[in-house]
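Novice: I am sharing work-v7.txt, which consists of compact mmCIF, C-alpha atoms:
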# COMPACT_ATOMS: atom_id res chain seq x y z
CA MET W 244 0.00 0.00 0.00
CA GLY W 245 1.22 3.50 -0.81
CA LYS W 246 1.64 6.56 1.32
CA ARG W 247 -1.34 7.20 3.64
CA PHE W 248 -2.66 10.53 4.89
CA TYR W 249 -3.42 10.80 8.62
CA LYS W 250 -4.03 13.50 11.18
CA SER W 251 -0.84 14.24 13.05
CA ASN W 252 -0.01 13.68 16.69
CA ASN W 253 1.85 17.02 16.39
CA LYS W 254 -1.31 19.05 16.73
CA MET W 255 -2.58 22.40 17.89
CA LEU W 256 -6.30 21.64 17.41
CA ALA W 257 -7.25 18.49 15.51
CA GLY W 258 -3.95 17.65 13.79
CA VAL W 259 -5.13 18.53 10.27
CA CYS W 260 -2.35 20.99 9.40
CA GLY W 261 0.23 18.72 11.04
CA GLY W 262 -1.05 15.84 8.91
CA PHE W 263 -0.66 17.89 5.73
CA ALA W 264 2.86 18.88 6.84
CA GLU W 265 3.90 15.28 7.53
CA TYR W 266 2.44 14.08 4.24
CA PHE W 267 4.26 16.74 2.19
CA LYS W 268 7.35 16.73 4.48
CA ILE W 269 7.28 20.43 5.35
CA ASP W 270 7.24 22.42 8.58
CA PRO W 271 3.76 22.34 10.22
CA THR W 272 4.09 26.02 11.18
CA ILE W 273 4.21 26.95 7.50
CA VAL W 274 1.05 24.93 6.83
CA ARG W 275 -0.73 26.52 9.80
CA ILE W 276 0.21 30.05 8.73
CA GLY W 277 -0.84 29.26 5.15
CA TRP W 278 -4.19 27.91 6.35
CA VAL W 279 -4.85 31.06 8.39
CA VAL W 280 -3.88 33.38 5.51
CA ILE W 281 -6.03 31.50 2.99
CA SER W 282 -8.91 31.45 5.50
CA LEU W 283 -8.67 35.20 6.01
CA LEU W 284 -8.50 35.88 2.27
CA THR W 285 -11.47 33.65 1.39
CA GLY W 286 -13.65 34.42 4.36
CA ILE W 287 -13.00 32.97 7.78
CA TRP W 288 -15.96 30.58 7.58
CA VAL W 289 -14.64 28.81 4.49
CA GLY W 290 -11.38 27.92 6.23
CA ALA W 291 -13.14 26.98 9.47
CA ILE W 292 -15.65 24.72 7.73
CA ALA W 293 -12.89 23.11 5.64
CA TYR W 294 -10.81 22.51 8.80
CA VAL W 295 -13.73 20.93 10.67
CA ALA W 296 -14.57 18.76 7.65
CA CYS W 297 -10.95 17.60 7.37
CA GLY W 298 -10.84 16.95 11.12
CA ILE W 299 -13.86 14.66 10.80
CA ILE W 300 -12.92 12.92 7.55
CA ILE W 301 -9.16 12.37 7.91
CA PRO W 302 -8.40 9.33 10.11
CA ASN W 303 -6.13 9.38 13.16
CA ARG W 304 -2.73 7.77 12.77
CA PRO W 305 -2.89 4.23 14.17
CA SER W 306 -0.26 3.59 16.82
CA SER W 307 0.29 0.10 15.41
CA GLU W 308 1.27 1.46 11.99
CA GLU W 309 3.85 -0.71 10.29
CA GLY W 310 7.35 0.25 11.34
CA TRP W 311 6.22 2.28 14.35
CA ASP W 312 7.76 0.01 16.98
CA GLU W 313 10.98 -0.38 14.99
CA ASN W 314 11.35 3.39 14.65
CA LEU W 315 10.88 3.83 18.39
CA LYS W 316 13.45 1.15 19.18
CA SER W 317 15.98 2.58 16.74
CA ALA W 318 15.53 6.06 18.23
CA ASN W 319 16.32 4.66 21.67
CA ASP W 320 19.43 2.93 20.32
CA TYR W 321 21.03 6.31 19.68
CA SER W 322 21.25 7.12 23.38
CA SER W 323 24.80 7.91 24.33
CA ALA W 324 26.68 6.12 27.06
CA GLU W 325 26.38 9.27 29.19
CA ASP W 326 22.59 9.26 28.78
CA LYS W 327 22.37 5.61 29.78
CA GLU W 328 24.55 6.20 32.84
CA PHE W 329 22.52 9.28 33.80
CA ASN W 330 19.24 7.36 33.49
CA SER W 331 20.58 4.41 35.49
CA HIS W 332 20.86 6.64 38.58
CA PHE W 333 17.14 7.38 38.38
CA GLU W 334 16.33 3.72 37.94
CA GLU W 335 18.35 2.87 41.04
CA ASP W 336 16.57 5.61 43.02
CA ALA W 337 13.18 4.36 41.83
CA LYS W 338 14.04 0.83 43.01
CA LYS W 339 15.06 2.19 46.45
CA VAL W 340 11.83 4.14 46.80
CA LYS W 341 9.73 1.12 45.85
CA LYS W 342 11.61 -0.98 48.38
CA GLU W 343 11.11 1.64 51.11
CA ASN W 344 7.39 1.89 50.35
CA LYS W 345 7.01 -1.90 50.70
CA ASP W 346 8.62 -1.83 54.17
Let's see the structure in the file written out as structure tokens.

Specialist:
Amino acid sequence: MGKRFYKSNNKMLAGVCGGFAEYFKIDPTIVRIGWVVISLLTGIWVGAIAYVACGIIIPNRPSSEEGWDENLKSANDYSSAEDKEFNSHFEEDAKKVKKENKD
């Protein structure tokens, strides 16, 4: 299956502009500004109705989308040794607190 269009999780309202930005691989701020400008030039209601319609029609991105888990794992693999050491201190503290709360 080809490229799919979804609402974005990077959203200000419903994720419509973020979805357009992700689909076309551009900055969502540019899409949002463009939407506002076009809405103001064509009458605010046209842009608002179009946004609401898109918010209803465009599906949410499924969290189980193919490759989602692999991307998350690969992002975590880039943690530096310093990051891992830093995080280990918090894990140790969390274990101590759990142990103290049991006692």

Novice: Would you kindly return, as number ranges by chain, each protein, DNA or RNA residue with an atom no farther than 8 Å from any atom of Phe248 of chain W, considering all atoms listed in the file and excluding same-chain residues fewer than 5 positions away?

Specialist: W: 262-263, 266, 301-302

Novice: Identify, on the basis of only C-alpha atoms, every residue whose closest approach to segment 291-294 of chain W does not exceed 12 Å; exclude the query and any residue fewer than 2 positions from it along the same chain; express the result as a ChimeraX atom specification.

Specialist: /W:250,256-263,275,278-283,285-289,296-301

Novice: Just the number, please: distance in Å from atom CA of Glu328 of chain W to atom CA of Glu343 of chain W, one decimal.

Specialist: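 It comes out at 23.1 Å.
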
Novice: Just how far from atom CA of Ile269 of chain W is atom CA of Lys246 of chain W, in Å to one decimal?

Specialist: 15.5 Å

Novice: Padding of 5 Å on every side, edges along x, y and z, all listed atoms of segment 286-292 of chain W included: what centre and edge lengths in Å, to one decimal, does that box have, as lines of an AutoDock Vina configuration file?

Specialist:
center_x = -13.7
center_y = 29.6
center_z = 6.9
size_x = 14.6
size_y = 19.7
size_z = 15.1

Novice: Could you check the closest approach to Arg247 of chain W for each of W:Asn303, W:Val295, W:Ala337, W:Asp270 and tell me which residue wins, using all atoms listed in the file?

Specialist: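 Nearest to Arg247 of chain W: W:Asn303.
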
Novice: Report, in Å to a single decimal, how far apart atom CA of Ile276 of chain W and atom CA of Tyr249 of chain W are.

Specialist: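 The value is 19.6 Å.
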
Novice: Which residue, W:Asp336, W:Val274, W:Gly290, W:Lys268, has the smallest gap to Lys254 of chain W when you use all atoms listed in the file?

Specialist: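 Smallest distance to Lys254 of chain W is found for W:Val274.
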